[in-house]
Amino acid sequence: MGIPLISALRRLDRRWLLNHPVLWIIRLHWMIYFWLLGLALISLIAMILPVSLPSVNFLNAYFWAAVALAGMALSPWVYLQARLAPQLRQNSRGRTAVYLLAGYLFIFGIYVAWPYTFVRIIEARISSKISESEFRSDMQTFEKSIKNNNINSTENRRLALKYRNISQINAANLGDVYFGLLNTLHRVSVIKGGGGVVAQNSYDRWVVVPQIVLLLALLLRSLQVSGMKSLITTLLFVAAFCITMILYTDSSRFDDVFFEGTIFLFLIGIYAAFRAPSLKTKNALFVVGINIFTLLLAWMPCLPLLFSDETFGLDRLYFKLFSLGVVILFAVAPWAQRRYLALQAKPS
Amino acid sequence: MALPSPAIDLAEEIRSLIQGDDLSRAAKRLLDYTRQFSGQRDIVNSAIVLTGELRSLQRDIRKFGESSERRSQLNVLAHRILEILDEVENPPEDPPLPEPPAPPRPRAVPQILKLEDPSQSGKPGSHEEANSEQGLTSFEEARRKFAEERKKVDPPPTAALEARGLRKSYRGGFTLSSIDLALRPGEITGLVGVNASGKTTLLRILAGELAADGGDLAYPLLCPEGLDWGRIRSQIAYVPQHSPRWYGILEENLYLHAALRQLTGRANEDEVEFVLHRLGLETYRKARWHEISSGFQMRFELAKALVGQPRLLILDEPLAPLDINTQQVFLQDLRDIANSSSNPLPIILSSQHIYEVEAIADSILFLDKGEVIFSGALDKLYRERQESTYELTSPSGKTSLLEQLKLVGVIEVEHTGLTYLVSVPPTITGHEVLSCLLKAHIEIRYFRDISNSSRKFFKGRGE
């Protein structure tokens, strides 16, 4: 069985190539097609992900993971545009630039819908985990404990566990209730309104940092990569990495999994990259290794912090080290790329 | 409907090519012929299909050798070429006439005879005489003679490009100074010179890739109303020496380029199909850039330039990546493109393959350190020469050559590393120089008269 609609798309492709070069360069038809497929996939993932009430804390991570996925889906397209669009300079019509810009905005616009759709579905599912009456009851119990100065009561501990990691809850008519026991980095507000638990977008800005680094690294690889094989490997790796992270985010140990996984993959990457010269054939493993190595280079300065217990309290230092890592990434990646090409060129 | 004179000439050329068993070129010229003179898509497509079949058959012959079956297939294709010619010459929509006894078709009539004297058209007997009188052995010589004759009759066409006093300076000290140039449809201008003489700079200025510091640059044929740069630019095809790589399938790039030049739909397909077959690239149409050699990359660059139906073609060192056989074919194609009746193109190309370029160029522009050393036709170079120059190789040393050539009044002998450049008074012929050396038992391995070649300008230049 072939890919659905593929023959119709190919006919359209030919038609636009011959008659509407700007649309063809933008690859509008293919981008809409893959956007729909991706939307279906991302909705499916959002519906099967295991979620519970505390998952509301990870909406932030879910959102940025989906942004990363959208970025990955767009990066080959950006790569293509960077190479095809300059040909339009020969086309003197002023409308060309307008069409091109409109096309780009449209593509970016529809792909932004991925993370929002993803998060909205998860929000709805989290919301359905607890009824309005149950939530009110819990909040009242909790408020009573605070009033009675009995914050460490058994009931309170049970509630703390139930709503673990939710640091601030604004329960509509009950005023602000704080889970002061939970000393967590997450600052996700949850409002109990008429429709259940709703997350506010008070995303933790520090959580964004690794995602930005990931996207930067991906962009860098997209621009430097010499062959589609290498690029696809990078994309597959990042996709697998992000999906793994998404599947693990239902745990309160998201950060641990994320960073430990990163370190682990980085070490594998280093091994593969430096082991590669002695390999007789530069196989897929090597390609994967060198890509991981390049991608995760930005985390390198953070390694000592990640290994220490005090890491997570040192947000600002961590951020600075990440910035340093990005600089190293930009400085070292070209060298790694040349080394990679040299290795590829070397007769086996 | 009477066909115009160029159509008759081209048809005769094709017939003579068939008689000379040069079917490859006959098929190429048939493509030109049908496109320029038939005006019917079906006939052009028949020629395209035929060209494809011929190439396929020739590949088989190269691979498996020539058998009687393949030979007969070649004959069939040759007949089909003639049939297509007949179809164009006698279109079926003509009212049916009682069939008169067909006069014998003049076969393999050398084109030069008709061209030398257009009034002699259709008189094969006198052609042969003329041919033997002129001593013309090569078809290219005949073609050039024809072009010269035609120039005498026709007024010079409007220039596609006119440059006066073009200047460009770089901070590094290089200056391109006061370039005057006119490129007319149907003319090929060869741009030659040592390295770093300003060839690429000049071509880039002409193509609009680089702004000149001063001087006038006009494109009267491309935009008679003034300087609408967008319109002009869309009619110029510039092929740089180092082309950026193409992405995706090669034929898609050609379709895209044609579409960007407002050639859409079926016209786009027809144009790409024609150019692919005309340049012999149809085999590689589905390939990707990195899968073809640099020679084919250059030929695809030419194809890309042509599918846009430009009115000015600028090529920077196109021969560099081509082997010697491909160079000949490439240059012959350029000559055909320039000579097209329907869209005669002005072409300017830079090259270090001087002799090859000179073989097809109507005029030469020689640059050195940004200055024009010579500009004009090669015969002008010969007429105005102060000395005759010969290029030769010999195992003998410079001293012995000089010693011997004193007998013919040698002016200078320069050793260029591999060859010697011998300058003698203009009255001394090559025969005399050669005789003088051979009499002294000096071994001569290579000898060439470069008195009418820009090669002699390289003397004493360069590093």
# chains A, B, ... in the order shown; residues from 1 in each chain; ligands from 1

$ select_by_dssp --residues "region 178-390 of chain B" --states "strand (DSSP E)" --output "MDAnalysis selection string"
chainID B and resid 178:183 188:193 214:218 236:239 312:316 347:350 363:368 371:376 388:390

$ write_last_selection --atoms "C-alpha atoms" --output "short mmCIF file (atom, residue, chain, number, x, y, z; two decimals), in the first residue's frame"
data_model
loop_
_atom_site.label_atom_id
_atom_site.label_comp_id
_atom_site.auth_asym_id
_atom_site.auth_seq_id
_atom_site.Cartn_x
_atom_site.Cartn_y
_atom_site.Cartn_z
CA SER B 178 38.54 51.61 -20.20
CA ILE B 179 36.90 48.60 -21.80
CA ASP B 180 34.99 49.20 -25.01
CA LEU B 181 32.89 46.33 -26.25
CA ALA B 182 29.86 45.58 -28.38
CA LEU B 183 28.14 42.21 -28.47
CA ILE B 188 30.82 35.03 -30.47
CA THR B 189 33.43 37.05 -28.62
CA GLY B 190 36.34 35.23 -27.04
CA LEU B 191 37.76 36.82 -23.93
CA VAL B 192 41.33 35.72 -23.32
CA GLY B 193 44.25 36.75 -21.21
CA GLY B 214 32.72 54.14 -14.30
CA GLY B 215 31.94 54.04 -17.99
CA ASP B 216 28.73 53.37 -19.89
CA LEU B 217 26.95 50.09 -20.17
CA ALA B 218 23.84 49.75 -22.30
CA ILE B 236 21.00 37.54 -19.61
CA ALA B 237 22.30 34.08 -18.93
CA TYR B 238 25.54 34.08 -16.98
CA VAL B 239 27.39 30.86 -16.30
CA LEU B 312 22.73 37.34 -24.19
CA LEU B 313 24.93 34.47 -23.09
CA ILE B 314 27.97 35.03 -20.88
CA LEU B 315 30.22 32.09 -20.08
CA ASP B 316 33.20 32.19 -17.76
CA ILE B 347 27.88 35.06 -26.79
CA ILE B 348 30.94 36.08 -24.86
CA LEU B 349 33.12 33.45 -23.28
CA SER B 350 36.40 33.55 -21.48
CA SER B 363 36.25 38.43 -32.44
CA ILE B 364 38.73 38.31 -29.61
CA LEU B 365 39.28 40.57 -26.66
CA PHE B 366 42.68 40.12 -25.05
CA LEU B 367 43.15 41.55 -21.58
CA ASP B 368 46.31 42.00 -19.61
CA GLU B 371 43.85 46.64 -20.04
CA VAL B 372 42.74 45.77 -23.53
CA ILE B 373 45.72 44.60 -25.57
CA PHE B 374 43.72 43.59 -28.59
CA SER B 375 40.10 43.77 -29.61
CA GLY B 376 38.67 42.73 -32.93
CA SER B 388 54.89 36.59 -37.82
CA THR B 389 54.92 34.29 -34.83
CA TYR B 390 55.25 30.53 -34.77
#

$ residues_around --residues "region 113-119 of chain A" --least-positions-apart "6" --cutoff "6 Å" --atoms "only C-alpha atoms" --output "compact mmCIF listing (two decimals) with N, CA and C atoms, in the first residue's frame"
# COMPACT_ATOMS: atom_id res chain seq x y z
N SER A 43 -1.33 14.50 17.90
CA SER A 43 -2.58 14.36 18.65
C SER A 43 -2.68 12.96 19.24
N ALA A 46 -0.43 12.74 22.17
CA ALA A 46 -1.02 13.47 23.30
C ALA A 46 -2.13 12.65 23.94
N PHE A 63 5.18 21.41 25.85
CA PHE A 63 5.05 22.47 24.84
C PHE A 63 6.36 22.61 24.06
N ALA A 66 7.25 19.76 21.82
CA ALA A 66 6.50 19.81 20.56
C ALA A 66 7.05 20.91 19.65
N VAL A 67 7.49 22.01 20.26
CA VAL A 67 8.13 23.06 19.46
C VAL A 67 9.39 22.50 18.79

$ atom_distance --atom1 "CA of Val44 (chain B)" --atom2 "CA of Phe274 (chain B)"
8.1 Å

$ closest_atom_pairs --of "chain B" --to "chain A" --cutoff "12 Å" --atoms "only C-alpha atoms" --output "tab-separated table"
residue	atom	partner	partner_atom	distance
B:Ala207	CA	A:Gln90	CA	11.7
B:Gly208	CA	A:Gln90	CA	11.1
B:Glu209	CA	A:Gln90	CA	11.2
B:Asp228	CA	A:Ser92	CA	10.1
B:Trp229	CA	A:Ser92	CA	8.6
B:Gly230	CA	A:Ser92	CA	4.9
B:Arg231	CA	A:Ser92	CA	7.0
B:Ile232	CA	A:Ser92	CA	9.5
B:Arg233	CA	A:Gln90	CA	7.1
B:Ser234	CA	A:Gln90	CA	6.3
B:Gln235	CA	A:Gln90	CA	9.6
B:Ile236	CA	A:Gln90	CA	9.6
B:Ala237	CA	A:Gln90	CA	9.9
B:Tyr238	CA	A:Gln90	CA	10.9
B:Pro244	CA	A:Arg83	CA	9.6
B:Arg245	CA	A:Arg83	CA	9.2
B:Trp246	CA	A:Arg83	CA	8.5
B:Tyr247	CA	A:Arg83	CA	7.4
B:Gly248	CA	A:Leu80	CA	9.5
B:Glu251	CA	A:Leu17	CA	10.8
B:Glu252	CA	A:Leu17	CA	7.5
B:Asn253	CA	A:Leu17	CA	9.2
B:Leu254	CA	A:Leu18	CA	9.9
B:Tyr255	CA	A:Leu18	CA	6.1
B:Leu256	CA	A:Leu17	CA	5.9
B:His257	CA	A:Gln87	CA	8.1
B:Ala258	CA	A:Leu18	CA	8.0
B:Ala259	CA	A:Leu18	CA	5.7
B:Leu260	CA	A:Asn91	CA	6.0
B:Arg261	CA	A:Asn91	CA	6.9
B:Gln262	CA	A:Asn19	CA	8.4
B:Leu263	CA	A:Asn19	CA	7.9
B:Thr264	CA	A:Asn19	CA	4.8
B:Gly265	CA	A:Leu18	CA	5.3
B:Arg266	CA	A:Leu18	CA	8.0
B:Ala267	CA	A:Leu18	CA	9.1
B:Asn268	CA	A:Leu18	CA	6.4
B:Glu269	CA	A:Leu18	CA	7.5
B:Asp270	CA	A:Leu18	CA	10.9
B:Glu271	CA	A:Leu18	CA	11.2
B:Val272	CA	A:Leu18	CA	10.6
B:His290	CA	A:Gly227	CA	10.6
B:Lys304	CA	A:Gln87	CA	11.9
B:Ala305	CA	A:Gln90	CA	11.7
B:Gly308	CA	A:Gln90	CA	10.5

$ residues_around --residues "Val424 (chain B)" --least-positions-apart "5" --cutoff "9 Å" --atoms "only C-alpha atoms" --output "PDB file with N, CA and C atoms, in the first residue's frame"
ATOM      1  N   GLU B 387      54.960  41.321 -37.003  1.00  0.00           N
ATOM      2  CA  GLU B 387      55.855  40.171 -37.161  1.00  0.00           C
ATOM      3  C   GLU B 387      55.006  38.912 -37.228  1.00  0.00           C
ATOM      4  N   SER B 388      55.588  37.883 -37.823  1.00  0.00           N
ATOM      5  CA  SER B 388      54.891  36.591 -37.815  1.00  0.00           C
ATOM      6  C   SER B 388      55.416  35.779 -36.644  1.00  0.00           C
ATOM      7  N   THR B 389      54.505  35.056 -36.014  1.00  0.00           N
ATOM      8  CA  THR B 389      54.920  34.291 -34.833  1.00  0.00           C
ATOM      9  C   THR B 389      54.561  32.827 -35.020  1.00  0.00           C
ATOM     10  N   TYR B 390      55.480  31.969 -34.653  1.00  0.00           N
ATOM     11  CA  TYR B 390      55.252  30.528 -34.770  1.00  0.00           C
ATOM     12  C   TYR B 390      55.539  29.873 -33.427  1.00  0.00           C
ATOM     13  N   LEU B 405      67.842  30.113 -37.137  1.00  0.00           N
ATOM     14  CA  LEU B 405      66.782  30.989 -37.647  1.00  0.00           C
ATOM     15  C   LEU B 405      67.300  32.382 -38.029  1.00  0.00           C
ATOM     16  N   VAL B 408      66.647  33.352 -41.537  1.00  0.00           N
ATOM     17  CA  VAL B 408      65.375  33.936 -41.994  1.00  0.00           C
ATOM     18  C   VAL B 408      65.085  35.239 -41.247  1.00  0.00           C
ATOM     19  N   GLY B 409      66.105  35.780 -40.658  1.00  0.00           N
ATOM     20  CA  GLY B 409      65.962  37.094 -39.991  1.00  0.00           C
ATOM     21  C   GLY B 409      65.153  37.052 -38.720  1.00  0.00           C
ATOM     22  N   VAL B 410      65.355  36.022 -37.926  1.00  0.00           N
ATOM     23  CA  VAL B 410      64.573  35.876 -36.693  1.00  0.00           C
ATOM     24  C   VAL B 410      64.664  37.133 -35.819  1.00  0.00           C
ATOM     25  N   ILE B 411      63.534  37.498 -35.247  1.00  0.00           N
ATOM     26  CA  ILE B 411      63.511  38.666 -34.365  1.00  0.00           C
ATOM     27  C   ILE B 411      63.722  38.228 -32.914  1.00  0.00           C
ATOM     28  N   GLU B 412      63.048  37.144 -32.560  1.00  0.00           N
ATOM     29  CA  GLU B 412      63.140  36.698 -31.161  1.00  0.00           C
ATOM     30  C   GLU B 412      62.741  35.231 -31.049  1.00  0.00           C
ATOM     31  N   VAL B 413      63.364  34.534 -30.141  1.00  0.00           N
ATOM     32  CA  VAL B 413      62.931  33.174 -29.793  1.00  0.00           C
ATOM     33  C   VAL B 413      62.711  33.168 -28.278  1.00  0.00           C
ATOM     34  N   THR B 429      57.344  33.183 -44.310  1.00  0.00           N
ATOM     35  CA  THR B 429      56.220  32.257 -44.136  1.00  0.00           C
ATOM     36  C   THR B 429      56.605  31.124 -43.180  1.00  0.00           C
ATOM     37  N   VAL B 433      60.275  29.044 -42.411  1.00  0.00           N
ATOM     38  CA  VAL B 433      60.836  28.809 -41.063  1.00  0.00           C
ATOM     39  C   VAL B 433      61.068  27.316 -40.855  1.00  0.00           C
TER      40      VAL B 433
END

$ closest_residue --among "A:Arg157, A:Arg10, A:Lys144, A:Lys162" --to "Lys129 (chain A)" --atoms "only C-alpha atoms"
A:Lys162

$ residues_around --residues "Arg445 (chain B)" --least-positions-apart "3" --cutoff "12 Å" --atoms "only C-alpha atoms" --output "list in words"
Glu391, Leu392, Thr393, Ser394, Pro395, Ser396, Leu418, Thr419, Tyr420, Leu434, Leu437, Leu438, Ile442 and Arg448 of chain B

$ select_by_dssp --residues "region 178-218 of chain B" --states "helix (DSSP H, G or I)" --output "MDAnalysis selection string"
chainID B and resid 199:207

$ decode --residues "region 211-270 of chain B" --atoms "C-alpha atoms" --output "PDB file, in the first residue's frame"
ATOM      1  CA  ALA B 211      28.900  47.277 -10.488  1.00  0.00           C
ATOM      2  CA  ALA B 212      31.429  49.136 -12.593  1.00  0.00           C
ATOM      3  CA  ASP B 213      33.147  52.163 -11.120  1.00  0.00           C
ATOM      4  CA  GLY B 214      32.717  54.138 -14.297  1.00  0.00           C
ATOM      5  CA  GLY B 215      31.938  54.038 -17.987  1.00  0.00           C
ATOM      6  CA  ASP B 216      28.731  53.374 -19.891  1.00  0.00           C
ATOM      7  CA  LEU B 217      26.954  50.090 -20.167  1.00  0.00           C
ATOM      8  CA  ALA B 218      23.844  49.753 -22.296  1.00  0.00           C
ATOM      9  CA  TYR B 219      21.723  46.862 -23.519  1.00  0.00           C
ATOM     10  CA  PRO B 220      19.995  48.351 -26.575  1.00  0.00           C
ATOM     11  CA  LEU B 221      18.522  45.105 -27.817  1.00  0.00           C
ATOM     12  CA  LEU B 222      17.420  43.772 -24.459  1.00  0.00           C
ATOM     13  CA  CYS B 223      15.718  46.950 -23.324  1.00  0.00           C
ATOM     14  CA  PRO B 224      15.487  49.609 -26.011  1.00  0.00           C
ATOM     15  CA  GLU B 225      13.433  51.920 -23.797  1.00  0.00           C
ATOM     16  CA  GLY B 226      16.098  52.508 -21.220  1.00  0.00           C
ATOM     17  CA  LEU B 227      17.563  50.786 -18.238  1.00  0.00           C
ATOM     18  CA  ASP B 228      14.920  48.520 -16.739  1.00  0.00           C
ATOM     19  CA  TRP B 229      17.409  46.362 -14.953  1.00  0.00           C
ATOM     20  CA  GLY B 230      14.952  43.655 -13.980  1.00  0.00           C
ATOM     21  CA  ARG B 231      13.944  43.170 -17.562  1.00  0.00           C
ATOM     22  CA  ILE B 232      17.522  43.207 -18.784  1.00  0.00           C
ATOM     23  CA  ARG B 233      18.715  40.792 -16.133  1.00  0.00           C
ATOM     24  CA  SER B 234      16.035  38.295 -17.019  1.00  0.00           C
ATOM     25  CA  GLN B 235      17.389  38.139 -20.558  1.00  0.00           C
ATOM     26  CA  ILE B 236      21.000  37.545 -19.608  1.00  0.00           C
ATOM     27  CA  ALA B 237      22.299  34.076 -18.927  1.00  0.00           C
ATOM     28  CA  TYR B 238      25.538  34.081 -16.981  1.00  0.00           C
ATOM     29  CA  VAL B 239      27.385  30.859 -16.298  1.00  0.00           C
ATOM     30  CA  PRO B 240      30.122  31.476 -13.728  1.00  0.00           C
ATOM     31  CA  GLN B 241      33.299  29.463 -13.653  1.00  0.00           C
ATOM     32  CA  HIS B 242      32.459  27.854 -10.346  1.00  0.00           C
ATOM     33  CA  SER B 243      28.762  27.251 -10.362  1.00  0.00           C
ATOM     34  CA  PRO B 244      26.984  26.596  -7.123  1.00  0.00           C
ATOM     35  CA  ARG B 245      25.757  23.047  -6.824  1.00  0.00           C
ATOM     36  CA  TRP B 246      22.249  22.176  -7.832  1.00  0.00           C
ATOM     37  CA  TYR B 247      19.866  20.585  -5.405  1.00  0.00           C
ATOM     38  CA  GLY B 248      17.450  17.860  -6.347  1.00  0.00           C
ATOM     39  CA  ILE B 249      16.946  16.182  -9.683  1.00  0.00           C
ATOM     40  CA  LEU B 250      18.662  17.926 -12.560  1.00  0.00           C
ATOM     41  CA  GLU B 251      15.680  18.144 -14.880  1.00  0.00           C
ATOM     42  CA  GLU B 252      13.586  19.680 -12.104  1.00  0.00           C
ATOM     43  CA  ASN B 253      16.150  22.452 -11.874  1.00  0.00           C
ATOM     44  CA  LEU B 254      15.754  23.068 -15.577  1.00  0.00           C
ATOM     45  CA  TYR B 255      11.955  23.140 -15.351  1.00  0.00           C
ATOM     46  CA  LEU B 256      12.208  25.507 -12.417  1.00  0.00           C
ATOM     47  CA  HIS B 257      14.602  27.821 -14.184  1.00  0.00           C
ATOM     48  CA  ALA B 258      12.397  27.923 -17.276  1.00  0.00           C
ATOM     49  CA  ALA B 259       9.323  28.605 -15.141  1.00  0.00           C
ATOM     50  CA  LEU B 260      11.122  31.425 -13.366  1.00  0.00           C
ATOM     51  CA  ARG B 261      11.749  32.921 -16.779  1.00  0.00           C
ATOM     52  CA  GLN B 262       7.988  32.951 -17.411  1.00  0.00           C
ATOM     53  CA  LEU B 263       8.037  29.826 -19.575  1.00  0.00           C
ATOM     54  CA  THR B 264       5.178  27.803 -18.193  1.00  0.00           C
ATOM     55  CA  GLY B 265       3.150  24.688 -18.894  1.00  0.00           C
ATOM     56  CA  ARG B 266       3.722  22.770 -22.072  1.00  0.00           C
ATOM     57  CA  ALA B 267       6.099  25.397 -23.438  1.00  0.00           C
ATOM     58  CA  ASN B 268       8.281  24.766 -20.394  1.00  0.00           C
ATOM     59  CA  GLU B 269       8.294  21.006 -20.970  1.00  0.00           C
ATOM     60  CA  ASP B 270       9.010  21.435 -24.669  1.00  0.00           C
TER      61      ASP B 270
END
